[in-house]
Each structure stands twice: as C-alpha cells, then as structure tokens.
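Encoded as structure tokens, the structure appears first; notes follow it.
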2 protein chains.
Amino acid sequence: MNGAESLLNTLVANKVEVCFTNPGTSEMHFVAALDRVPKMRGVLCLFEGVASGAADGYGRIAKRPASTLLHLGPGMGNALANFHNARRAKTPIINVVGDHATTHLAYDAPLTSDIEGIAKSFSKFVVTPKTPNQIEPAAQLALQAATMDQRGIATVIVPADASWNELTPEKSMDFGRALWNKEVETIETIGFTEMKALLERGNETMLLLGGQALSAGGLRSISKILSLYNVSILAETFPSVLERGGDLLSIDRLAYLGEMAVAQLANASHVITIGANEPVSFFAYPNTPSQLAPANATVHHFIAPNENLLEKLDALCDYLGAKTPLAKVAYQTPELPDGDLTGTKAAQTIGALLREGTIVVDESNTSGLFLPSFTKGAPAHRWLTLTGGAIGQGLPLATGAAVADPNSRVLCLEADGSAIYTFQALWSQAREKLNVTTVLFNNQSYAILELELAKVGALESSPSARAMLELKPPSISFSQLAQAMGVGSLTVRTVSELAKAITHSFDSVGPFLIEAILPPGIS
Amino acid sequence: MNGAESLLNTLVANKVEVCFTNPGTSEMHFVAALDRVPKMRGVLCLFEGVASGAADGYGRIAKRPASTLLHLGPGMGNALANFHNARRAKTPIINVVGDHATTHLAYDAPLTSDIEGIAKSFSKFVVTPKTPNQIEPAAQLALQAATMDQRGIATVIVPADASWNELTPEKSMDFGRALWNKEVETIETIGFTEMKALLERGNETMLLLGGQALSAGGLRSISKILSLYNVSILAETFPSVLERGGDLLSIDRLAYLGEMAVAQLANASHVITIGANEPVSFFAYPNTPSQLAPANATVHHFIAPNENLLEKLDALCDYLGAKTPLAKVAYQTPELPDGDLTGTKAAQTIGALLREGTIVVDESNTSGLFLPSFTKGAPAHRWLTLTGGAIGQGLPLATGAAVADPNSRVLCLEADGSAIYTFQALWSQAREKLNVTTVLFNNQSYAILELELAKVGALESSPSARAMLELKPPSISFSQLAQAMGVGSLTVRTVSELAKAITHSFDSVGPFLIEAILPPGIS
C-alpha cells in the first residue's frame with residue numbers, strides 16, 4: 001500500500017466518503033488510488049473554487065466532512081475564497097493538497113510556492129506528512145481538528161513522494177510537521193442565574209442566535225424560553241444553516257446594512273449571544289461605529305466555543321422550567337403576483353411555491369432583500385447563506401448540498417455578479433445529475449456596490465466609477481452559459497413564466513437554471 | 001485630496017495608467033476617485049484571476065506595470081494563481097488590495113482575513129500604509145520594488161480609512177508597515193575569460209537562455225556569438241516573452257516533459273545559464289533525478305539577478321569581437337493541410353497563417369506540442385507562455401496583452417481544460433473591444449493528466465481515476481460560452497474551416513473565439 005491509498009483508507013474509515021477534486025500531476029497517485037478505494041466518491045470540479053464551495057455545502061448539510069483534492073499552492077489559491085466562507089460557517093472539511101516530492105522542493109521548480117503559508121489563512125490545522133507512514137496519523141489528527149469544538153478546515157499537504165512510496169511495516173505515531181491556528185478563544189460566559197435575571201427584563205433583552213441555535217432543536221428550546229419570557233430575538237446575519245418554515249419559530253436576521261442593523265438593536269440594553277458573534281457591521285464607514293449594539297448596551301455570551309450548544313440550551317430550559325414551545329404563528333403563504341418580474345415579485349413567487357424539505361442556498365444579495373418575509377409561511381426548509389461575504393459561493397454550495405442530500409431539492413437563489421465567479425459548478429451539477437434548481441437574478445449590475453458608491457457621494461456624475469459596477473455592455477446570457485455547461489435553462493421575464501419554470505424544475509430530476517430578468521438595481 | 005486619490009495620482013505620475021479592477025465595498029473610494037484622475041483607465045474584470053492574469057499580460061508587453069484593484073483577502077485569493085505565473089515571469093505589477101478600516105479590524109468582521117500572509121506568497125514586496133499621508137511614500141516604494149532588478153509584484157494593502165480620509169499638510173516619508181521578500185539571491189557568475197574558454201569547447205557547451213536573452217536584442221547578441229562559436233543553445237521551457245520568426249535566431253525550448261529535456265541536454269558537459277534558471281524538471285517522478293543536466297555536467301551562470309542582461313551580452317560580444325549575426329536560416333512556412341482537424345494539422349494551419357507582429361499567447365498544452373516547429377518560418381512575432389504552470393492563464397494574459405498593444409493582433413491558443421478556469425476574461429475582451437483571436441482546442445479531456453496517469457501505471461483498468469481527467473460528460477460548448485459572454489464565435493472541425501475563421505478574425509476588429517474540435521488525447 002502506498003501513501004495515497006493509506007490516506008484514502010483513513011478518510012473512508014472515518015466516514016469521509018466524498019472528494020471534490022481538481023487534481024494535477026502531483027496528485028496523480030491519489031487519483032489512481034480511487035479505483036482501489038471504491039467507497040470514496042470522486043466528484044470532478046473544473047475549478048478549485050467549486051471544489052471548496054461544494055465541500056462547504058456538503059459539510060453544512062451532511063454534518064460531517066467531505067474532502068477536497070487540490071493541486072499545489074496555485075490550485076489551493078483558487079479555492080481560498082470559498083474556504084474563507086467555509087471557515088466562517090465553521091464547516092468541517094478535510095482539504096488534501098498535493099505538493100512536489102520532498103526531494104524536488106529544493107530546486108524551486110515553476111509550480112513551487114508556500115502552501116503552508118497560504119493554507120494557514122483559512123485552516124484551523126495544517127499538517128504535512130513527509131513519509132507514507134506519517135500519512136495515517138496526520139490524517140487522523142486532521143479529522144480530529146476538523147470535527148472538534150468549533151469545526152473547521154484541516155489541511156493535509158501531501159508531498160508526491162509520500163503519496164507514491166510504499167508504507168513500511170513499522171507503526172508510527174509521527175505525523176510530520178503540524179501548525180495549529182488558535183481559532184478557539186476563551187470567552188467569558190454568563191451562568192443560568194444571570195441569564196434568568198436578564199430574561200426577566202423582557203424586551204430590552206435581545207437574544208442573538210447563531211450556529212446550532214438556529215437548528216430545529218435550538219429553535220425549539222428558544223421557543224420554550226419565549227413562552228415564559230417576552231424577550232426579543234434575532235438571528236445572526238449570515239447563518240451556516242437556518243432551519244425555518246413549517247412549525248418552527250420564525251426569526252428575523254440581523255440586517256446586512258449597518259443602518260438597519262442599528263435600528264434592529266436600538267431598544268436593547270442587554271444583548272446575549274447564543275452561538276453568534278458579537279454584532280459588528282460588515283464594513284466600516286466614516287463616522288459610524290463598528291459595533292452595532294447601542295453604546296450603553298451590555299453584550300453577554302451564553303455559550304463558550306467548546307460547549308455543546310444544544311445540550312446547554314436544554315439544560316437552561318430545565319432550569320427555567322420552560323417546557324412548552326410558543327404556539328405556532330401561522331404566517332400566510334403569499335399569493336402569486338402577476339405581471340413583469342421585479343425583485344419583490346420574484347421573492348413573492350418563490351414564497352408561494354417553496355416546498356417542504358427544500359434546501360435554499362441564498363446568494364441573491366440585493367435581489368433577495370424581500371425573500372425572508374415572503375418565505376416565512378413556507379413549509380419546513382433549510383436556508384444556507386454567504387457566511388464569509390466572499391462572493392461566488394452559491395452555485396458551488398448548492399452542488400455540495402445536493403451531493404450530501406440527493407433526496408431533497410436544492411433551490412439556489414443566485415445574483416448575476418456572484419454567479420459568474422464560479423459558474424463552472426453547473427458542469428458538475430450536470431455530470432452528477434444533481435437536483436439543483438438555480439434562479440439567477442439578472443439585473444446587469446453589482447447593485448450592492450451601486451448602493452455603496454452612492455454612500456461615498458459618487459454616482460450620477462461619475463461615469464468612470466459607475467462603469468466599474470455595471471455588468472454590461474455586453475450583457476451576459478446566463479441561460480446560454482448554463483446550456484454551454486450542459487444544464488438546461490430558460491430565460492423568464494414575467495411572474496407566470498418564473499412560476500411555471502420553477503414548478504417544472506421542482507417536478508423534474510437533475511439540474512435546471514432559470515434566468516430571471518429584473519429591472520436594474522433594487523426592484 | 002483623500003488617500004485613494006493620492007494613490008491614483010502617484011500611480012499615473014509613474015506611468016501606471018491601467019487598473020484591472022474587481023472592487024468591493026472597501027475599495028469604493030478608489031473607484032470613486034477614478035473620475036478625478038482620468039488618466040487611469042479602469043478595466044473591469046468579472047473575476048480576480050482575470051485581473052491578475054491581465055496585469056501579467058500587460059506588463060510583459062508594455063514593459064511597465066499595470067495595477068490591479070482587488071477586494072480584501074478572498075478577492076486576492078482568487079487572483080493568486082495568475083499572480084504566481086506573473087511572479088515566475090518576473091512581470092512588474094502594482095497590486096492594490098483594499099482592507100477593512102484600521103479601526104474595524106479588531107472586530108473580526110466576516111470578510112477579515114490575513115491579507116499580508118497571503119500576499120507574501122507571490123509578492124516581492126508588501127506594504128500597508130495606515131494613514132492617507134503614508135500612501136504616497138508606500139506607493140513609491142512599491143513602484144521601486146516592482147520595477148528594480150528582478151521585476152515582480154508589489155502589493156499595496158490600503159485600509160478603507162486610509163483611503164477615505166483627507167491628507168494633512170505635513171509631508172512624511174513614513175510608509176506604514178512593509179515586508180520584503182528575499183527574491184533576489186546572489187549567485188556566483190563566470191567572467192568573460194571563463195566564458196570564452198567554455199565557448200571554445202564547441203557543442204559540448206550549451207547556452208540556456210531566458211528572460212531578456214530571448215528578446216530581439218538578446219537573440220541578436222547570441223547570434224553574433226554563434227557566428228564565432230559552434231555551441232548549442234536552448235531557451236527555457238516557459239519564457240515570459242520569446243521573440244521569434246522573421247530574421248530572428250530560431251531557438252528550441254527545453255522540453256516540458258522530463259525525458260525529452262534530458263535528451264536535449266544529454267551531450268552537454270557545460271551548461272551556461274543566461275537569464276534562465278538551472279534546468280530542473282517540472283515535476284518529480286519516482287527514480288528520476290530532479291536536475292535535467294547530465295550528472296557529470298557543470299552548470300555555470302553568466303548573469304547575476306541584479307545585472308542588466310542586454311548590456312552584459314553586448315559587452316561580451318565586444319570582448320569576443322563578435323560583430324556579425326549568423327546568416328538568417330530560412331525556414332519554410334508550412335503549406336495548409338486539408339481534411340479533419342488534428343492537433344498537428346491545427347498547428348500547421350496556424351504556422352501557415354501567422355502574420356507579422358502577432359502576439360501569441362500559448363496555453364495550448366498538449367494540443368500545442370507541434371506549434372513551435374510549424375511557426376519557425378513565420379514573420380516576426382512574440383510568444384508568451386505559461387511561466388508558472390498554474391493553468392487558467394491564457395485568456396486573461398491575452399486580454400492584458402491586447403490592452404497594452406491595441407495595434408497588434410493577439411492570437412490566444414488555449415486548451416479546453418485551462419480555458420474554463422478563467423473564461424470570464426472573454427467578457428472584458430468584448431467590453432473593451434480587444435483584438436484577440438482565441439483558438440480553443442477542444443479535445444474534451446485533461447490530456448496532459450492522462451499522460452501522467454499512464455505514467456503511474458493506471459489507465460485502462462481504472463474507470464474512477466480516468467473519470468477525474470475527462471471533460472465529459474457533459475461536453476462543454478466553448479462556442480456557446482463565448483457568445484454568452486458577448487464574444488462572437490464559431491465551431492470548426494476541418495482545416496479549411498479553421499483557416500477561414502482565423503483569416504476572418506485577423507481581418508476584423510475586436511475579439512473572436514474559434515472552437516476547434518480535436519480527436520481525444522494528443523493528435
């Protein structure tokens with residue numbers, strides 16, 4: 001057995017059974033070993049940002065790691081943006097990267113680069129086994145790092161000779177060179193007594209929920225607490241997975257735009273985070289504070305990073321005697337509107353048609369502003385968001401989610417500017433016949449940046465600046481783009497066309513892309 | 001004047017007049033300042049890997065830096081692979097990256113990441129001015145670093161508040177925080193006497209040329225030396241720019257495949273590098289050496305990294321009394337073949353049709369194996385290659401080259417697997433009406449990796465491994481892809497169709513893509 005096979009065996013023995021690959025020469029022994037370890041499913045991606053985003057989507061839905069297989073430093077560079085999002089989502093991933101043979105590194109061959117240095121920026125843990133025998137212990141450590149406490153990305157850098165050489169009989173605990181990042185910081189938390197006292201203050205206390213608190217189980221515990229205490233609640237802006245709809249407690253998210261977020265928090269004198277970070281603005285602006293809570297408010301934390309959130313919430317409910325969830329509030333499912341599409345009407349249409357069990361991947365940005373309110377009354381579904389703000393996430397994330405849960409339909413809500421970063425994901429969707437319906441909102445601009453440019457006082461009189469934010473000329477045909485990659489598609493301009501196309505795709509198998517033409521800007 | 005405007009003013013005052021942009025919120029003041037500094041031409045790219053590759057192409061042709069404008073760490077991550085190629089090409093580039101406001105960094109907002117750590121992997125120099133007044137001196141240092149000695153990438157990380165705040169009247173030499181990479185190493189060189197003695201040994205001495213030695217001026221000096229000494233010559237495998245054709249000295253390149261390279265060097269007992277690196281294999285393989293020169297050969301260096309190569313070659317010619325170049329060898333221009341296309345016939349067709357002044361961007365990989373020999377007899381042209389081996393370079397490189405030299409036609413020879421990484425470049429080509437003719441070789445596979453997989457002994461009997469190297473199913477329509485991005489295109493299957501399409505595009509203005517359907521593998 002060579003090192004590559006040892007790595008694959010270790011991964012599948014630990015239930016890592018999917019590898020999103022974009023290999024090169026230095027990974028060829030890993031590729032060759034795929035036929036000897038058939039439990040590992042290789043999913044070819046045509047760009048590394050698709051592989052990293054798909055591994056993120058897979059991990060969020062399967063709740064266990066997928067692996068990636070990438071080619072040296074530049075290949076991993078292409079994967080970096082979506083690894084950044086996965087890091088913020090705390091998604092467990094085993095990132096396997098090939099390197100030159102240890103004997104070859106000294107010669108500074110053209111593809112040589114500082115893989116460890118780049119990997120450190122997004123990984124919890126980086127390990128470089130130098131021999132075939134070091135590979136298993138290195139992979140075991142990586143698995144542990146990826147799945148313990150705050151989950152994250154563990155990178156295993158495999159020199160080509162560690163991959164191609166045969167193992168020797170000696171057992172070893174040596175794992176090569178390892179770097180740990182200090183991601184898990186200790187934070188001070190409040191105890192049950194203090195929590196109870198804060199809950200008794202009523203709606204001047206705000207619970208800010210994130211992570212596992214936004215799972216069905218977490219929301220049920222929160223609902224029980226709300227049946228006793230009239231406190232306010234908000235979800236973090238960009239949850240990894242937010243379970244919603246059906247009989248689940250409905251919760252608004254902290255707004256992306258700072259002004260709106262400040263308004264949401266304005267009445268809070270105490271903010272208690274439960275699995276969320278302290279509320280800070282996405283970007284800074286001149287003369288506005290980075291912290292969103294009112295200056296006189298106190299921020300408390302209920303959960304430490306290494307604590308089991310769901311167990312601690314259960315224990316809190318027991319302590320409080322909170323046993324019955326709030327009665328379900330019945331939100332209305334919106335009626336289908338009619339006429340030409342706008343962003344608002346598209347959101348309304350999706351709210352009217354959303355089906356039970358759907359996995360919604362939301363990178364709709366400005367086009368999706370009205371989605372949360374129109375989908376409140378929908379049947380139970382999961383909502384995945386752009387956790388790290390690095391655009392180009394949606395199509396890959398949807399790809400990985402569909403691999404993780406082939407029995408559910410994935411509805412990918414995607415902005416035009418973001419889609420174009422990683423549209424290669426469509427090819428993998430077609431190849432693997434994944435059940436992904438993409439609604440592509442085409443408003444021909446980076447509308448979010450037009451907002452931002454207006455804020456700095458430049459817009460009407462600034463043709464050069466504006467030109468940097470417009471996705472035309474030329475206009476991109478996303479419908480044609482999808483067909484070129486093997487995914488069926490349709491361009492729609494009216495509500496009834498959109499509704500028909502969504503229903504058609506929901507009733508079919510495999511991927512489909514619907515290009516929804518919207519007016520420019522926010523509509 | 002705010003910091004952003006100060007940066008733009010400093011750049012244009014130093015003849016950096018193009019910025020390949022993919023901005024976000026933290027760069028909005030730089031974008032807004034474009035209208036106040038009209039000398040800077042902003043070229044919008046829809047993906048950061050297009051911006052970095054275009055800056056590389058621009059720098060190689062214009063011989064001065066373009067700038068890039070990127071959004072935080074993840075945006076720069078997307079640009080990393082083509083920055084890696086630019087680093088290997090020694091292309092001068094000013095890479096401007098926005099960061100959060102200095103006051104915002106402490107809050108670890110979602111898009112926060114280690115920008116310096118990532119930039120170090122490909123930059124000669126990284127500087128982070130923290131105030132508006134530090135921006136000009138920081139930019140000056142970056143310009144110096146990018147253009148001195150071994151040229152390279154200088155990264156300027158601009159916090160949003162340094163960008164938006166107004167300068168104060170004090171002049172300062174303070175430039176914030178800077179990191180230099182030790183790219184320029186001292187190497188021992190041989191003097192003129194030793195050089196002469198080695199030249200006198202005749203064809204057991206091999207001159208290995210790279211960098212400026214492959215410019216028209218460098219090749220003329222080499223030609224003069226060859227008129228006196230019967231030594232062997234080779235060019236480095238992947239030159240930044242190789243000037244060829246017309247009355248220039250024709251030179252073979254060191255082969256990419258190790259076995260072939262070893263054969264090319266087999267008779268050398270002395271290898272003298274002139275602007276090239278020591279010959280090492282691209283990848284390592286079990287039981288083959290990394291160094292390509294015979295074990296008993298000695299490798300010498302003629303040029304130190306901080307020396308002016310062209311001046312030193314001139315001085316050598318004076319010393320040797322080498323005054324007259326070799327008589328021009330007239331290579332035949334190939335005849336147009338006929339019938340269905342193969343890789344060989346496509347190369348022959350290109351050799352028959354290549355026009356004077358063309359800039360050839362070559363990322364044809366296995367499909368382009370026969371291009372060098374068929375284009376030997378062509379009129380004078382420039383040949384740009386994949387210097388760092390990170391695929392996805394061709395379309396962006398062609399884009400930047402066409403911006404740098406709008407009066408020449410760029411012929412981009414592109415492999416299918418590589419094109420799909422950064423095909424977003426086509427949109428910028430259409431938008432800027434650039435004179436780029438792309439011939440896309442579609443053999444529906446990563447043929448280079450099929451070669452590599454065969455080498456590790458897995459191929460026929462390894463369906464899972466093979467599937468990782470095939471670009472179907474589904475087949476990608478590159479012709480349709482181009483049209484979706486606003487570039488006219490045609491699919492061709494025969495020599496006469498290809499010839500007609502190339503001639504049509506050469507006679508037109510603006511970009512065009514020709515999808516050449518080839519048999520699978522190398523043909």
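Letters for chains follow the order of the structure tokens (A, B, ...), residue numbers begin at 1 for each chain, and ligand numbers begin at 1 in the order shown.
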query = Counting only C-alpha atoms, what is within 9 Å of stretch 309-319 of chain B, bar same-chain residues fewer than 4 positions away, as a PyMOL selection string?
reply = chain B and resi 192+195-196+211-213+217-218+221-222+224-225+274-275+302-305+323
request  = Using backbone DSSP assignments, extract all helix (DSSP H, G or I) residues from stretch 64-200 of chain A; output them as a VMD selection string.
outcome  = chain A and resid 72 to 89 105 to 107 115 to 120 132 to 147 160 to 164 192 to 199
Export of the given selection (C-alpha atoms) as a PDB file, in the first residue's frame:
ATOM      1  CA  LEU A  72      -0.300  22.715  -5.121  1.00  0.00           C
ATOM      2  CA  GLY A  73      -0.353  26.351  -3.969  1.00  0.00           C
ATOM      3  CA  PRO A  74      -1.991  27.970  -7.005  1.00  0.00           C
ATOM      4  CA  GLY A  75      -4.793  25.374  -7.060  1.00  0.00           C
ATOM      5  CA  MET A  76      -5.416  25.996  -3.393  1.00  0.00           C
ATOM      6  CA  GLY A  77      -5.342  29.744  -4.070  1.00  0.00           C
ATOM      7  CA  ASN A  78      -8.276  29.299  -6.432  1.00  0.00           C
ATOM      8  CA  ALA A  79     -10.130  27.547  -3.597  1.00  0.00           C
ATOM      9  CA  LEU A  80      -9.324  30.201  -0.995  1.00  0.00           C
ATOM     10  CA  ALA A  81     -12.405  32.436  -1.268  1.00  0.00           C
ATOM     11  CA  ASN A  82     -14.855  29.614  -0.648  1.00  0.00           C
ATOM     12  CA  PHE A  83     -12.644  28.149   2.072  1.00  0.00           C
ATOM     13  CA  HIS A  84     -12.916  31.588   3.669  1.00  0.00           C
ATOM     14  CA  ASN A  85     -16.718  31.249   3.629  1.00  0.00           C
ATOM     15  CA  ALA A  86     -16.455  27.691   4.999  1.00  0.00           C
ATOM     16  CA  ARG A  87     -14.221  28.913   7.822  1.00  0.00           C
ATOM     17  CA  ARG A  88     -16.854  31.465   8.801  1.00  0.00           C
ATOM     18  CA  ALA A  89     -19.561  28.793   8.538  1.00  0.00           C
ATOM     19  CA  LEU A 105      11.335  21.224  -3.362  1.00  0.00           C
ATOM     20  CA  ALA A 106      14.921  22.468  -3.128  1.00  0.00           C
ATOM     21  CA  TYR A 107      15.013  23.130  -6.887  1.00  0.00           C
ATOM     22  CA  ILE A 115       1.484  26.109   0.506  1.00  0.00           C
ATOM     23  CA  GLU A 116       1.592  26.139   4.311  1.00  0.00           C
ATOM     24  CA  GLY A 117       1.654  29.931   4.369  1.00  0.00           C
ATOM     25  CA  ILE A 118      -1.448  30.169   2.189  1.00  0.00           C
ATOM     26  CA  ALA A 119      -3.273  27.317   3.970  1.00  0.00           C
ATOM     27  CA  LYS A 120      -2.798  28.955   7.366  1.00  0.00           C
ATOM     28  CA  PRO A 132       3.946   7.303   3.694  1.00  0.00           C
ATOM     29  CA  ASN A 133       3.876   6.066   7.304  1.00  0.00           C
ATOM     30  CA  GLN A 134       3.175   9.563   8.603  1.00  0.00           C
ATOM     31  CA  ILE A 135       0.076   9.906   6.435  1.00  0.00           C
ATOM     32  CA  GLU A 136      -2.376   7.942   8.583  1.00  0.00           C
ATOM     33  CA  PRO A 137      -1.530   9.671  11.883  1.00  0.00           C
ATOM     34  CA  ALA A 138      -1.537  13.041  10.089  1.00  0.00           C
ATOM     35  CA  ALA A 139      -4.962  12.354   8.587  1.00  0.00           C
ATOM     36  CA  GLN A 140      -6.308  11.205  11.970  1.00  0.00           C
ATOM     37  CA  LEU A 141      -5.177  14.464  13.558  1.00  0.00           C
ATOM     38  CA  ALA A 142      -6.729  16.419  10.704  1.00  0.00           C
ATOM     39  CA  LEU A 143     -10.042  14.594  11.171  1.00  0.00           C
ATOM     40  CA  GLN A 144      -9.991  15.379  14.853  1.00  0.00           C
ATOM     41  CA  ALA A 145      -9.180  19.053  14.241  1.00  0.00           C
ATOM     42  CA  ALA A 146     -11.901  19.453  11.610  1.00  0.00           C
ATOM     43  CA  THR A 147     -14.676  17.983  13.722  1.00  0.00           C
ATOM     44  CA  ALA A 160       4.173  13.464  -4.094  1.00  0.00           C
ATOM     45  CA  ASP A 161       6.783  11.020  -2.770  1.00  0.00           C
ATOM     46  CA  ALA A 162       4.870  10.457   0.468  1.00  0.00           C
ATOM     47  CA  SER A 163       1.962   9.612  -1.838  1.00  0.00           C
ATOM     48  CA  TRP A 164       3.732   7.262  -4.237  1.00  0.00           C
ATOM     49  CA  PHE A 192     -28.060  30.304  34.471  1.00  0.00           C
ATOM     50  CA  THR A 193     -28.843  32.688  37.354  1.00  0.00           C
ATOM     51  CA  GLU A 194     -27.634  35.730  35.467  1.00  0.00           C
ATOM     52  CA  MET A 195     -29.367  34.503  32.326  1.00  0.00           C
ATOM     53  CA  LYS A 196     -32.657  34.226  34.195  1.00  0.00           C
ATOM     54  CA  ALA A 197     -32.282  37.716  35.596  1.00  0.00           C
ATOM     55  CA  LEU A 198     -31.661  39.108  32.112  1.00  0.00           C
ATOM     56  CA  LEU A 199     -34.617  37.214  30.633  1.00  0.00           C
TER      57      LEU A 199
END
task = Based on DSSP run over this structure's backbone, return all residues of stretch 220-394 of chain A in strand (DSSP E or B), as a ChimeraX atom specification.
result = /A:232-235,242-244,253,270-275,280,291,298-301,340,359-363,381-385
query = Nearest to chain A among B:Glu335, B:Glu166, B:Asp108, B:Asp247, with distances taken over only C-alpha atoms: which residue is it?
reply = B:Asp108
inquiry  = At a cut-off of 7 Å, using only C-alpha atoms, what residues contact stretch 12-29 of chain A? Leave out same-chain residues fewer than 5 positions from it and give the result as a ChimeraX atom specification.
reply    = /A:4,39-48,51,55,65-71,98-100,160,163-164 /B:449,452-453,456
request  = Could you give me, as a ChimeraX atom specification, the residues within 6 Å of B:His270, counting only C-alpha atoms and dropping anything in the same chain fewer than 4 positions from it?
outcome  = /B:205,297-299
message = As an exercise, work out the distance from atom CA of A:Thr494 to atom CA of A:Gly339 in Å and give it to one decimal place.
response = 5.7 Å
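Of the residues under consideration (B:Thr186, B:Ala109, B:Asn203, B:Val360), B:Ala109 shows the shortest atom-to-atom contact distance to A:Thr237 when counting only C-alpha atoms.
Residue nearest A:Ile514 within the list A:Pro294, A:Pro474, A:Pro38, A:Gly488: A:Gly488 [criterion: smallest interatomic distance, only C-alpha atoms].
When only C-alpha atoms are used to compute distances to chain B, the closest of the residues A:Thr358, A:Thr10, A:Ser172, A:Asn287 turns out to be A:Asn287.
Put simply, atom CA of B:Gly389 is 18.2 Å away from atom CA of B:Leu371.
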